[in-house]
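Trainee: You'll find entry.cif just under this line, and it carries mmCIF, C-alpha atoms.
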```cif
data_query
loop_
_atom_site.label_atom_id
_atom_site.label_comp_id
_atom_site.auth_asym_id
_atom_site.auth_seq_id
_atom_site.Cartn_x
_atom_site.Cartn_y
_atom_site.Cartn_z
CA MET Y 754 -57.50 26.66 27.94
CA LYS Y 755 -56.79 25.65 31.51
CA GLU Y 756 -58.06 22.17 30.79
CA ARG Y 757 -55.77 21.84 27.84
CA ARG Y 758 -52.76 23.00 29.80
CA ARG Y 759 -53.44 20.42 32.46
CA ILE Y 760 -53.66 17.70 29.87
CA SER Y 761 -50.51 18.75 28.12
CA ARG Y 762 -48.66 18.70 31.42
CA HIS Y 763 -50.00 15.25 31.99
CA GLY Y 764 -48.75 14.36 28.53
CA LYS Y 765 -45.30 15.64 29.39
CA LYS Y 766 -45.21 13.55 32.51
CA ALA Y 767 -46.39 10.53 30.56
CA PHE Y 768 -43.56 11.14 28.15
CA PHE Y 769 -40.93 11.07 30.86
CA THR Y 770 -42.27 8.17 32.83
CA GLY Y 771 -43.98 6.34 30.06
CA PHE Y 772 -41.18 5.52 27.72
CA LEU Y 773 -39.71 2.59 29.57
CA LEU Y 774 -41.81 1.67 32.53
CA SER Y 775 -45.40 2.76 32.38
CA ASN Y 776 -48.41 0.63 31.76
CA PRO Y 777 -50.95 0.90 28.97
CA SER Y 778 -51.76 4.54 28.39
CA PRO Y 779 -54.81 5.61 30.34
CA ARG Y 780 -57.28 6.66 27.69
CA PRO Y 781 -56.92 7.83 24.15
CA ASN Y 782 -57.89 11.45 24.62
CA PHE Y 783 -58.10 12.17 20.97
CA SER Y 784 -60.28 15.21 21.38
CA ASN Y 785 -57.61 17.07 23.35
CA MET Y 786 -54.66 16.74 21.06
CA PRO Y 787 -52.06 19.48 21.09
CA ASP Y 788 -53.18 21.02 17.85
CA GLY Y 789 -50.57 23.75 17.73
CA LEU Y 790 -47.75 21.29 18.02
CA PHE Y 791 -49.28 19.09 15.37
CA ILE Y 792 -49.64 21.96 12.94
CA PHE Y 793 -46.09 23.11 13.60
CA PHE Y 794 -44.60 19.69 12.99
CA ALA Y 795 -46.84 18.97 10.01
CA ALA Y 796 -45.71 22.22 8.39
CA LEU Y 797 -42.10 21.37 9.20
CA THR Y 798 -42.45 17.90 7.69
CA LEU Y 799 -44.14 19.09 4.52
CA GLY Y 800 -41.72 21.97 4.05
CA ALA Y 801 -38.70 19.74 4.51
CA ALA Y 802 -40.17 17.16 2.13
CA SER Y 803 -40.70 19.82 -0.53
CA LEU Y 804 -37.08 20.86 -0.01
CA LEU Y 805 -36.12 17.25 -0.62
CA VAL Y 806 -38.11 17.07 -3.84
CA LEU Y 807 -37.28 20.51 -5.22
CA SER Y 808 -33.66 21.15 -4.34
CA ARG Y 809 -31.09 20.85 -7.09
CA ASN Y 810 -28.29 19.98 -4.70
CA ALA Y 811 -28.35 16.37 -3.48
CA VAL Y 812 -26.86 17.29 -0.10
CA THR Y 813 -29.61 19.84 0.48
CA SER Y 814 -32.10 17.14 -0.47
CA ALA Y 815 -30.60 14.85 2.16
CA MET Y 816 -30.88 17.60 4.79
CA GLY Y 817 -34.52 18.08 3.88
CA MET Y 818 -35.05 14.34 4.19
CA ILE Y 819 -33.52 14.33 7.69
CA LEU Y 820 -35.80 17.19 8.76
CA ALA Y 821 -38.84 15.46 7.27
CA LEU Y 822 -38.03 12.24 9.12
CA VAL Y 823 -37.59 14.14 12.38
CA GLY Y 824 -40.98 15.72 11.74
CA VAL Y 825 -42.53 12.29 11.23
CA ALA Y 826 -40.87 11.14 14.46
CA ALA Y 827 -42.39 14.14 16.26
CA ASP Y 828 -45.77 13.13 14.93
CA PHE Y 829 -45.15 9.64 16.33
CA PHE Y 830 -44.57 11.31 19.69
CA LEU Y 831 -47.84 13.22 19.35
CA LEU Y 832 -49.53 9.88 18.67
CA ASP Y 833 -48.07 8.49 21.91
CA ALA Y 834 -45.80 6.06 20.04
CA TYR Y 835 -42.70 7.16 21.93
CA PHE Y 836 -40.70 4.04 21.24
CA LEU Y 837 -41.31 4.27 17.51
CA GLY Y 838 -40.40 7.95 17.53
CA VAL Y 839 -37.06 7.25 19.17
CA LEU Y 840 -36.51 4.36 16.78
CA GLN Y 841 -37.31 6.57 13.82
CA VAL Y 842 -34.77 9.18 14.87
CA LEU Y 843 -32.10 6.61 15.65
CA VAL Y 844 -32.49 4.36 12.63
CA TYR Y 845 -33.77 6.66 9.92
CA ALA Y 846 -32.57 10.16 10.70
CA GLY Y 847 -29.41 8.71 12.19
CA ALA Y 848 -28.04 5.63 10.53
CA VAL Y 849 -29.83 5.56 7.17
CA MET Y 850 -29.36 9.22 6.38
CA VAL Y 851 -25.69 9.11 7.37
CA LEU Y 852 -25.35 6.30 4.84
CA PHE Y 853 -27.10 8.42 2.23
CA LEU Y 854 -24.93 11.47 2.90
CA PHE Y 855 -21.82 9.33 2.80
CA ILE Y 856 -22.72 7.94 -0.62
CA ILE Y 857 -23.80 11.34 -1.96
CA MET Y 858 -20.51 12.89 -0.99
CA LEU Y 859 -18.56 9.87 -2.20
CA LEU Y 860 -20.05 9.86 -5.66
CA ASP Y 861 -19.95 12.77 -7.99
CA THR Y 862 -23.65 13.38 -8.33
CA GLU Y 863 -23.48 16.82 -9.87
CA ASP Y 864 -26.39 17.20 -12.20
CA PRO Y 865 -25.17 18.55 -15.52
CA ALA Y 866 -26.92 21.87 -15.90
CA ARG Y 867 -29.13 20.76 -18.69
CA ALA Y 868 -32.51 22.24 -19.38
CA TYR Y 869 -35.16 20.45 -17.40
CA PRO Y 870 -37.93 19.02 -19.57
CA TRP Y 871 -40.90 21.11 -18.51
CA LYS Y 872 -43.31 18.37 -19.57
CA LYS Y 873 -41.87 16.08 -16.94
CA ALA Y 874 -42.03 18.74 -14.25
CA ALA Y 875 -45.62 19.55 -15.16
CA GLY Y 876 -46.47 15.86 -15.03
CA GLY Y 877 -44.99 15.54 -11.56
CA LEU Y 878 -46.84 18.62 -10.38
CA ALA Y 879 -50.10 17.28 -11.82
CA VAL Y 880 -49.61 13.94 -10.07
CA PHE Y 881 -48.94 15.72 -6.80
CA PHE Y 882 -51.99 17.93 -6.99
CA LEU Y 883 -54.26 15.09 -8.10
CA LEU Y 884 -53.10 12.92 -5.21
CA ALA Y 885 -53.34 15.81 -2.75
CA ALA Y 886 -56.88 16.61 -3.86
CA GLY Y 887 -57.80 12.94 -3.55
CA VAL Y 888 -56.29 12.75 -0.07
CA LEU Y 889 -58.10 15.87 1.11
CA TRP Y 890 -61.37 14.66 -0.31
CA LEU Y 891 -61.07 11.17 1.14
CA PHE Y 892 -59.88 12.13 4.61
CA HIS Y 893 -61.60 15.46 5.08
CA TRP Y 894 -64.60 16.18 2.92
CA SER Y 895 -66.05 12.76 2.30
CA GLY Y 896 -66.54 12.13 6.01
CA ALA Y 897 -65.43 8.54 5.63
CA VAL Y 898 -62.82 8.76 8.37
CA PRO Y 899 -64.38 7.99 11.73
CA GLY Y 900 -62.56 10.71 13.65
CA THR Y 901 -63.91 13.61 11.67
CA ALA Y 902 -67.48 13.68 12.90
CA ALA Y 903 -67.89 15.69 16.08
CA GLY Y 904 -67.62 13.52 19.13
CA ALA Y 905 -66.78 10.38 17.23
CA THR Y 906 -65.10 7.74 19.31
CA PRO Y 907 -62.88 4.91 18.18
CA PRO Y 908 -64.70 1.65 17.50
CA GLU Y 909 -64.95 -0.81 20.33
CA LEU Y 910 -62.96 -3.87 19.43
CA THR Y 911 -64.43 -7.11 20.67
CA ASP Y 912 -61.18 -9.00 20.65
CA ASN Y 913 -58.16 -6.86 21.41
CA PRO Y 914 -55.46 -8.88 23.14
CA ALA Y 915 -52.78 -6.22 22.75
CA GLU Y 916 -54.00 -2.88 24.05
CA PHE Y 917 -52.07 0.11 22.76
CA ALA Y 918 -49.33 0.94 25.24
CA THR Y 919 -46.56 3.50 25.33
CA ALA Y 920 -44.01 1.32 27.06
CA ALA Y 921 -41.23 -0.37 25.14
CA LYS Y 922 -42.15 -3.45 27.13
CA ALA Y 923 -45.35 -3.81 25.14
CA PHE Y 924 -43.34 -4.05 21.94
CA GLY Y 925 -41.10 -6.68 23.42
CA ARG Y 926 -43.96 -8.80 24.60
CA LEU Y 927 -45.62 -8.81 21.18
CA LEU Y 928 -42.36 -9.29 19.31
CA TYR Y 929 -41.53 -12.41 21.26
CA THR Y 930 -44.97 -13.97 21.26
CA LYS Y 931 -47.30 -13.15 18.41
CA TYR Y 932 -44.66 -11.88 16.00
CA LEU Y 933 -41.86 -14.28 16.80
CA LEU Y 934 -41.63 -15.75 13.31
CA PRO Y 935 -41.56 -12.35 11.55
CA LEU Y 936 -38.88 -11.26 14.02
CA GLU Y 937 -36.72 -14.23 13.08
CA ILE Y 938 -37.32 -13.55 9.41
CA ALA Y 939 -36.33 -9.91 9.90
CA GLY Y 940 -33.10 -11.03 11.52
CA LEU Y 941 -32.41 -13.35 8.60
CA LEU Y 942 -33.19 -10.51 6.21
CA LEU Y 943 -30.67 -8.26 7.93
CA LEU Y 944 -28.04 -10.98 7.66
CA THR Y 945 -28.85 -11.48 3.98
CA ALA Y 946 -28.59 -7.75 3.35
CA LEU Y 947 -25.25 -7.68 5.15
CA VAL Y 948 -23.79 -10.48 3.06
CA GLY Y 949 -25.29 -9.06 -0.13
CA VAL Y 950 -23.87 -5.60 0.46
CA VAL Y 951 -20.42 -6.98 1.21
CA SER Y 952 -20.41 -9.09 -1.95
CA LEU Y 953 -21.84 -6.20 -4.02
CA SER Y 954 -19.31 -3.64 -2.97
CA LYS Y 955 -16.27 -5.83 -3.35
CA GLU Y 956 -13.97 -4.59 -6.04
CA ALA Y 957 -14.90 -6.26 -9.32
CA PRO Y 958 -12.10 -8.49 -10.62
CA ALA Y 959 -10.11 -7.05 -13.48
CA GLY Y 960 -11.45 -7.84 -16.88
CA GLN Y 961 -15.01 -8.21 -15.70
CA ALA Y 962 -15.95 -4.57 -15.86
CA MET H 712 -60.16 21.22 15.08
CA GLU H 713 -61.43 20.15 18.44
CA ASN H 714 -62.74 16.74 17.55
CA THR H 715 -60.84 15.98 14.42
CA ALA H 716 -58.29 13.49 15.47
CA LEU H 717 -57.49 10.76 13.03
CA ALA H 718 -57.97 12.80 9.90
CA PRO H 719 -55.12 15.34 10.27
CA HIS H 720 -52.56 12.60 10.62
CA LEU H 721 -53.94 10.77 7.61
CA ILE H 722 -53.91 13.97 5.57
CA LEU H 723 -50.31 14.62 6.54
CA ALA H 724 -49.40 11.05 5.59
CA GLY H 725 -51.21 11.33 2.27
CA LEU H 726 -49.55 14.63 1.38
CA LEU H 727 -46.14 13.21 2.26
CA PHE H 728 -46.85 10.21 0.06
CA ALA H 729 -47.91 12.47 -2.81
CA LEU H 730 -44.72 14.53 -2.46
CA GLY H 731 -42.64 11.37 -2.47
CA LEU H 732 -44.36 9.99 -5.55
CA ALA H 733 -43.98 13.27 -7.42
CA GLY H 734 -40.30 13.28 -6.50
CA VAL H 735 -39.83 9.74 -7.78
CA LEU H 736 -41.45 10.74 -11.07
CA VAL H 737 -39.66 14.04 -11.49
CA ARG H 738 -36.13 13.74 -10.18
CA ARG H 739 -33.22 12.45 -12.28
CA ASN H 740 -30.60 11.82 -9.62
CA LEU H 741 -31.02 8.19 -8.57
CA LEU H 742 -30.01 8.96 -4.99
CA VAL H 743 -32.71 11.61 -4.65
CA VAL H 744 -35.23 9.25 -6.24
CA TYR H 745 -34.28 6.71 -3.61
CA MET H 746 -34.76 9.24 -0.82
CA CYS H 747 -38.21 10.03 -2.19
CA LEU H 748 -39.01 6.31 -2.02
CA GLU H 749 -38.00 6.35 1.63
CA LEU H 750 -40.28 9.34 2.16
CA MET H 751 -43.20 7.32 0.80
CA LEU H 752 -42.37 4.51 3.23
CA ALA H 753 -42.29 6.99 6.12
CA ALA H 754 -45.69 8.33 5.08
CA ALA H 755 -47.12 4.81 5.12
CA THR H 756 -45.73 4.17 8.60
CA LEU H 757 -47.26 7.42 9.80
CA ALA H 758 -50.69 6.29 8.64
CA LEU H 759 -50.14 2.90 10.30
CA VAL H 760 -49.27 4.48 13.63
CA ALA H 761 -52.26 6.81 13.44
CA PHE H 762 -54.67 3.93 12.81
CA SER H 763 -53.03 1.82 15.46
CA ARG H 764 -53.41 4.59 18.03
CA PHE H 765 -56.97 5.31 17.02
CA ASN H 766 -58.05 1.68 17.27
CA ARG H 767 -56.01 1.14 20.43
CA THR H 768 -54.24 -1.95 19.20
CA MET H 769 -50.54 -2.60 19.24
CA ASP H 770 -50.36 -4.51 15.96
CA GLY H 771 -49.97 -1.54 13.66
CA ALA H 772 -47.12 -0.17 15.76
CA VAL H 773 -45.35 -3.52 15.67
CA LEU H 774 -45.80 -3.60 11.90
CA VAL H 775 -44.09 -0.21 11.74
CA PHE H 776 -41.22 -1.75 13.68
CA PHE H 777 -40.81 -4.34 10.94
CA VAL H 778 -41.18 -1.75 8.20
CA ILE H 779 -38.31 0.25 9.70
CA THR H 780 -36.18 -2.91 9.85
CA VAL H 781 -36.87 -3.86 6.27
CA ALA H 782 -36.34 -0.29 5.08
CA ALA H 783 -32.93 -0.14 6.74
CA ALA H 784 -31.85 -3.37 5.05
CA GLU H 785 -33.29 -2.19 1.75
CA VAL H 786 -31.42 1.12 1.91
CA ALA H 787 -28.13 -0.68 2.50
CA VAL H 788 -28.62 -3.00 -0.47
CA GLY H 789 -29.95 -0.26 -2.74
CA LEU H 790 -27.07 2.08 -2.01
CA ALA H 791 -24.60 -0.72 -2.68
CA LEU H 792 -26.33 -1.30 -6.01
CA ILE H 793 -26.12 2.39 -6.86
CA VAL H 794 -22.42 2.47 -5.99
CA ALA H 795 -21.82 -0.60 -8.18
CA LEU H 796 -23.76 1.07 -10.98
CA TYR H 797 -21.68 4.21 -10.61
CA ARG H 798 -18.49 2.17 -10.82
CA ARG H 799 -19.54 0.62 -14.09
CA ARG H 800 -21.22 3.54 -15.80
CA GLY H 801 -19.81 6.58 -14.11
CA THR H 802 -23.15 8.27 -13.55
CA VAL H 803 -26.19 8.12 -11.31
CA SER H 804 -28.48 10.12 -13.53
CA SER H 805 -31.52 8.15 -14.61
CA GLU H 806 -31.44 9.89 -18.00
CA ARG H 807 -28.03 8.52 -18.88
CA LEU H 808 -28.81 4.98 -17.79
CA ASP H 809 -30.83 4.14 -20.88
CA VAL H 810 -29.11 1.11 -22.36
CA LEU H 811 -32.31 -0.90 -22.32
CA ARG H 812 -34.39 1.84 -23.87
CA PRO H 813 -35.52 0.94 -27.39
#
```
Let me see the structure of the file written as structure tokens.

Mentor:
Amino acid sequence: MKERRRISRHGKKAFFTGFLLSNPSPRPNFSNMPDGLFIFFAALTLGAASLLVLSRNAVTSAMGMILALVGVAADFFLLDAYFLGVLQVLVYAGAVMVLFLFIIMLLDTEDPARAYPWKKAAGGLAVFFLLAAGVLWLFHWSGAVPGTAAGATPPELTDNPAEFATAAKAFGRLLYTKYLLPLEIAGLLLLTALVGVVSLSKEAPAGQA
Amino acid sequence: MENTALAPHLILAGLLFALGLAGVLVRRNLLVVYMCLELMLAAATLALVAFSRFNRTMDGAVLVFFVITVAAAEVAVGLALIVALYRRRGTVSSERLDVLRP
């Protein structure tokens, strides 16, 4: 218990200092993960995602989506990917979901209260349970995932030029060296999306609709 | 739970993906279907980050960076398409958009 508290305090310090300026994280201490936090956020994420899928009201669905994305961001934090967690909250839970809410409230998306075809619902439920059973078997019971055996350590990579680091600097270095071309393409893609959205949402000329 | 490290994250990602897929299959409101698609993307990024952390390489995390970029652009275009569809047809229910159905 004491040991774990020490490590979690270390983790907190790494969070505050590590986001912008620290060096590669010391060691992946996978065996000492904050399990309680993980379980809490996993439950939050799954609950919010079920709210998204099950709610009849589209606005409630959007709220569930925001919560689920925040839960995923928290899991990024637990995985020491602080930069990605912040990015997830800013881009997804912030900008993208605001866009979604805006459109939902702009359009009249009221579902006419028609009887839901139970065959379809049963099909969806069956797909979910089949996939869930497959996931549990593959990642838990089959033992194929290297972290599940007691004391398993990550594989030693022979050629690992970019060690996992918590600092945003590490992202920048990779983005401007190894992934320079994809970065440029992503910028071009954003520009294309911008132009496409503007031309799509222009009022259609009369007589065309 | 002491030594299980990679697996819980993968299970969470898989369950999220399953929820998203079920939502895409079940829901009728196109906007909600679209949100479920985004949920599946988020699940995939979660698995990527978990593997990247476990293998101690930066590449998976950088890939997530690009996935977030592409998803943001995709959401903008998709929502514009849905708005254009609503303007023409007056509905966003996938059941009423069945012109091409034989």

Trainee: Determine, counting all atoms listed in the file, which protein, DNA and RNA residues have an atom within 12 Å of an atom of Val760 in chain H; residues of the same chain fewer than 3 positions away are not included. Present the result as a PyMOL selection string.

Mentor: (chain Y and resi 825-826+828-838+917) or (chain H and resi 717+720-721+724+753-757+763-776+778)

Trainee: Save the residues we just selected, C-alpha atoms, as a PDB file, keeping the file's coordinate frame?

Mentor:
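Once written, part13.pdb looks like this:
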```pdb
ATOM      1  CA  VAL Y 825     -42.530  12.290  11.230  1.00  0.00           C
ATOM      2  CA  ALA Y 826     -40.870  11.140  14.460  1.00  0.00           C
ATOM      3  CA  ASP Y 828     -45.770  13.130  14.930  1.00  0.00           C
ATOM      4  CA  PHE Y 829     -45.150   9.640  16.330  1.00  0.00           C
ATOM      5  CA  PHE Y 830     -44.570  11.310  19.690  1.00  0.00           C
ATOM      6  CA  LEU Y 831     -47.840  13.220  19.350  1.00  0.00           C
ATOM      7  CA  LEU Y 832     -49.530   9.880  18.670  1.00  0.00           C
ATOM      8  CA  ASP Y 833     -48.070   8.490  21.910  1.00  0.00           C
ATOM      9  CA  ALA Y 834     -45.800   6.060  20.040  1.00  0.00           C
ATOM     10  CA  TYR Y 835     -42.700   7.160  21.930  1.00  0.00           C
ATOM     11  CA  PHE Y 836     -40.700   4.040  21.240  1.00  0.00           C
ATOM     12  CA  LEU Y 837     -41.310   4.270  17.510  1.00  0.00           C
ATOM     13  CA  GLY Y 838     -40.400   7.950  17.530  1.00  0.00           C
ATOM     14  CA  PHE Y 917     -52.070   0.110  22.760  1.00  0.00           C
TER      15      PHE Y 917
ATOM     16  CA  LEU H 717     -57.490  10.760  13.030  1.00  0.00           C
ATOM     17  CA  HIS H 720     -52.560  12.600  10.620  1.00  0.00           C
ATOM     18  CA  LEU H 721     -53.940  10.770   7.610  1.00  0.00           C
ATOM     19  CA  ALA H 724     -49.400  11.050   5.590  1.00  0.00           C
ATOM     20  CA  ALA H 753     -42.290   6.990   6.120  1.00  0.00           C
ATOM     21  CA  ALA H 754     -45.690   8.330   5.080  1.00  0.00           C
ATOM     22  CA  ALA H 755     -47.120   4.810   5.120  1.00  0.00           C
ATOM     23  CA  THR H 756     -45.730   4.170   8.600  1.00  0.00           C
ATOM     24  CA  LEU H 757     -47.260   7.420   9.800  1.00  0.00           C
ATOM     25  CA  SER H 763     -53.030   1.820  15.460  1.00  0.00           C
ATOM     26  CA  ARG H 764     -53.410   4.590  18.030  1.00  0.00           C
ATOM     27  CA  PHE H 765     -56.970   5.310  17.020  1.00  0.00           C
ATOM     28  CA  ASN H 766     -58.050   1.680  17.270  1.00  0.00           C
ATOM     29  CA  ARG H 767     -56.010   1.140  20.430  1.00  0.00           C
ATOM     30  CA  THR H 768     -54.240  -1.950  19.200  1.00  0.00           C
ATOM     31  CA  MET H 769     -50.540  -2.600  19.240  1.00  0.00           C
ATOM     32  CA  ASP H 770     -50.360  -4.510  15.960  1.00  0.00           C
ATOM     33  CA  GLY H 771     -49.970  -1.540  13.660  1.00  0.00           C
ATOM     34  CA  ALA H 772     -47.120  -0.170  15.760  1.00  0.00           C
ATOM     35  CA  VAL H 773     -45.350  -3.520  15.670  1.00  0.00           C
ATOM     36  CA  LEU H 774     -45.800  -3.600  11.900  1.00  0.00           C
ATOM     37  CA  VAL H 775     -44.090  -0.210  11.740  1.00  0.00           C
ATOM     38  CA  PHE H 776     -41.220  -1.750  13.680  1.00  0.00           C
ATOM     39  CA  VAL H 778     -41.180  -1.750   8.200  1.00  0.00           C
TER      40      VAL H 778
END
```

Trainee: Can you list, as a compact mmCIF listing (two decimals) with C-alpha atoms, in the frame of the given file, the residues that the PyMOL selection byres ((chain Y and resi 921-925) around 7) selects here?

Mentor:
```
# COMPACT_ATOMS: atom_id res chain seq x y z
CA PHE Y 772 -41.18 5.52 27.72
CA LEU Y 773 -39.71 2.59 29.57
CA PHE Y 836 -40.70 4.04 21.24
CA ALA Y 918 -49.33 0.94 25.24
CA THR Y 919 -46.56 3.50 25.33
CA ALA Y 920 -44.01 1.32 27.06
CA ARG Y 926 -43.96 -8.80 24.60
CA LEU Y 927 -45.62 -8.81 21.18
CA LEU Y 928 -42.36 -9.29 19.31
CA TYR Y 929 -41.53 -12.41 21.26
CA VAL H 773 -45.35 -3.52 15.67
```

Trainee: List every protein, DNA or RNA residue with an atom no more than 12 Å from (-30.5, 3.9, 13.4) in the file's coordinates, counting all atoms listed in the file, and format the result as number ranges by chain.

Mentor: Y: 837-852; H: 779-780, 782-784, 786

Trainee: In Å to one decimal, how far is CA of Val880 in chain Y from CA of Ala897 in chain Y?

Mentor: 22.9 Å

Trainee: Within 12 Å of (-35.3, 12.5, 2.5) (coordinates as in the file), grab all the protein and nucleic acid residues, counting all atoms listed in the file, and write them out as a PyMOL selection string.

Mentor: (chain Y and resi 798-808+811-825+845-847+849-854) or (chain H and resi 727+730-731+734-735+742-754)

Trainee: Could you write out that same residue set with C-alpha atoms as a PDB file, in the coordinates of the input?

Mentor:
```
ATOM      1  CA  THR Y 798     -42.450  17.900   7.690  1.00  0.00           C
ATOM      2  CA  LEU Y 799     -44.140  19.090   4.520  1.00  0.00           C
ATOM      3  CA  GLY Y 800     -41.720  21.970   4.050  1.00  0.00           C
ATOM      4  CA  ALA Y 801     -38.700  19.740   4.510  1.00  0.00           C
ATOM      5  CA  ALA Y 802     -40.170  17.160   2.130  1.00  0.00           C
ATOM      6  CA  SER Y 803     -40.700  19.820  -0.530  1.00  0.00           C
ATOM      7  CA  LEU Y 804     -37.080  20.860  -0.010  1.00  0.00           C
ATOM      8  CA  LEU Y 805     -36.120  17.250  -0.620  1.00  0.00           C
ATOM      9  CA  VAL Y 806     -38.110  17.070  -3.840  1.00  0.00           C
ATOM     10  CA  LEU Y 807     -37.280  20.510  -5.220  1.00  0.00           C
ATOM     11  CA  SER Y 808     -33.660  21.150  -4.340  1.00  0.00           C
ATOM     12  CA  ALA Y 811     -28.350  16.370  -3.480  1.00  0.00           C
ATOM     13  CA  VAL Y 812     -26.860  17.290  -0.100  1.00  0.00           C
ATOM     14  CA  THR Y 813     -29.610  19.840   0.480  1.00  0.00           C
ATOM     15  CA  SER Y 814     -32.100  17.140  -0.470  1.00  0.00           C
ATOM     16  CA  ALA Y 815     -30.600  14.850   2.160  1.00  0.00           C
ATOM     17  CA  MET Y 816     -30.880  17.600   4.790  1.00  0.00           C
ATOM     18  CA  GLY Y 817     -34.520  18.080   3.880  1.00  0.00           C
ATOM     19  CA  MET Y 818     -35.050  14.340   4.190  1.00  0.00           C
ATOM     20  CA  ILE Y 819     -33.520  14.330   7.690  1.00  0.00           C
ATOM     21  CA  LEU Y 820     -35.800  17.190   8.760  1.00  0.00           C
ATOM     22  CA  ALA Y 821     -38.840  15.460   7.270  1.00  0.00           C
ATOM     23  CA  LEU Y 822     -38.030  12.240   9.120  1.00  0.00           C
ATOM     24  CA  VAL Y 823     -37.590  14.140  12.380  1.00  0.00           C
ATOM     25  CA  GLY Y 824     -40.980  15.720  11.740  1.00  0.00           C
ATOM     26  CA  VAL Y 825     -42.530  12.290  11.230  1.00  0.00           C
ATOM     27  CA  TYR Y 845     -33.770   6.660   9.920  1.00  0.00           C
ATOM     28  CA  ALA Y 846     -32.570  10.160  10.700  1.00  0.00           C
ATOM     29  CA  GLY Y 847     -29.410   8.710  12.190  1.00  0.00           C
ATOM     30  CA  VAL Y 849     -29.830   5.560   7.170  1.00  0.00           C
ATOM     31  CA  MET Y 850     -29.360   9.220   6.380  1.00  0.00           C
ATOM     32  CA  VAL Y 851     -25.690   9.110   7.370  1.00  0.00           C
ATOM     33  CA  LEU Y 852     -25.350   6.300   4.840  1.00  0.00           C
ATOM     34  CA  PHE Y 853     -27.100   8.420   2.230  1.00  0.00           C
ATOM     35  CA  LEU Y 854     -24.930  11.470   2.900  1.00  0.00           C
TER      36      LEU Y 854
ATOM     37  CA  LEU H 727     -46.140  13.210   2.260  1.00  0.00           C
ATOM     38  CA  LEU H 730     -44.720  14.530  -2.460  1.00  0.00           C
ATOM     39  CA  GLY H 731     -42.640  11.370  -2.470  1.00  0.00           C
ATOM     40  CA  GLY H 734     -40.300  13.280  -6.500  1.00  0.00           C
ATOM     41  CA  VAL H 735     -39.830   9.740  -7.780  1.00  0.00           C
ATOM     42  CA  LEU H 742     -30.010   8.960  -4.990  1.00  0.00           C
ATOM     43  CA  VAL H 743     -32.710  11.610  -4.650  1.00  0.00           C
ATOM     44  CA  VAL H 744     -35.230   9.250  -6.240  1.00  0.00           C
ATOM     45  CA  TYR H 745     -34.280   6.710  -3.610  1.00  0.00           C
ATOM     46  CA  MET H 746     -34.760   9.240  -0.820  1.00  0.00           C
ATOM     47  CA  CYS H 747     -38.210  10.030  -2.190  1.00  0.00           C
ATOM     48  CA  LEU H 748     -39.010   6.310  -2.020  1.00  0.00           C
ATOM     49  CA  GLU H 749     -38.000   6.350   1.630  1.00  0.00           C
ATOM     50  CA  LEU H 750     -40.280   9.340   2.160  1.00  0.00           C
ATOM     51  CA  MET H 751     -43.200   7.320   0.800  1.00  0.00           C
ATOM     52  CA  LEU H 752     -42.370   4.510   3.230  1.00  0.00           C
ATOM     53  CA  ALA H 753     -42.290   6.990   6.120  1.00  0.00           C
ATOM     54  CA  ALA H 754     -45.690   8.330   5.080  1.00  0.00           C
TER      55      ALA H 754
END
```

Trainee: Could you please determine the separation between CA of Pro870 in chain Y and CA of Leu726 in chain H in Å, to one decimal place?

Mentor: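 CA of Pro870 in chain Y sits 24.4 Å away from CA of Leu726 in chain H.
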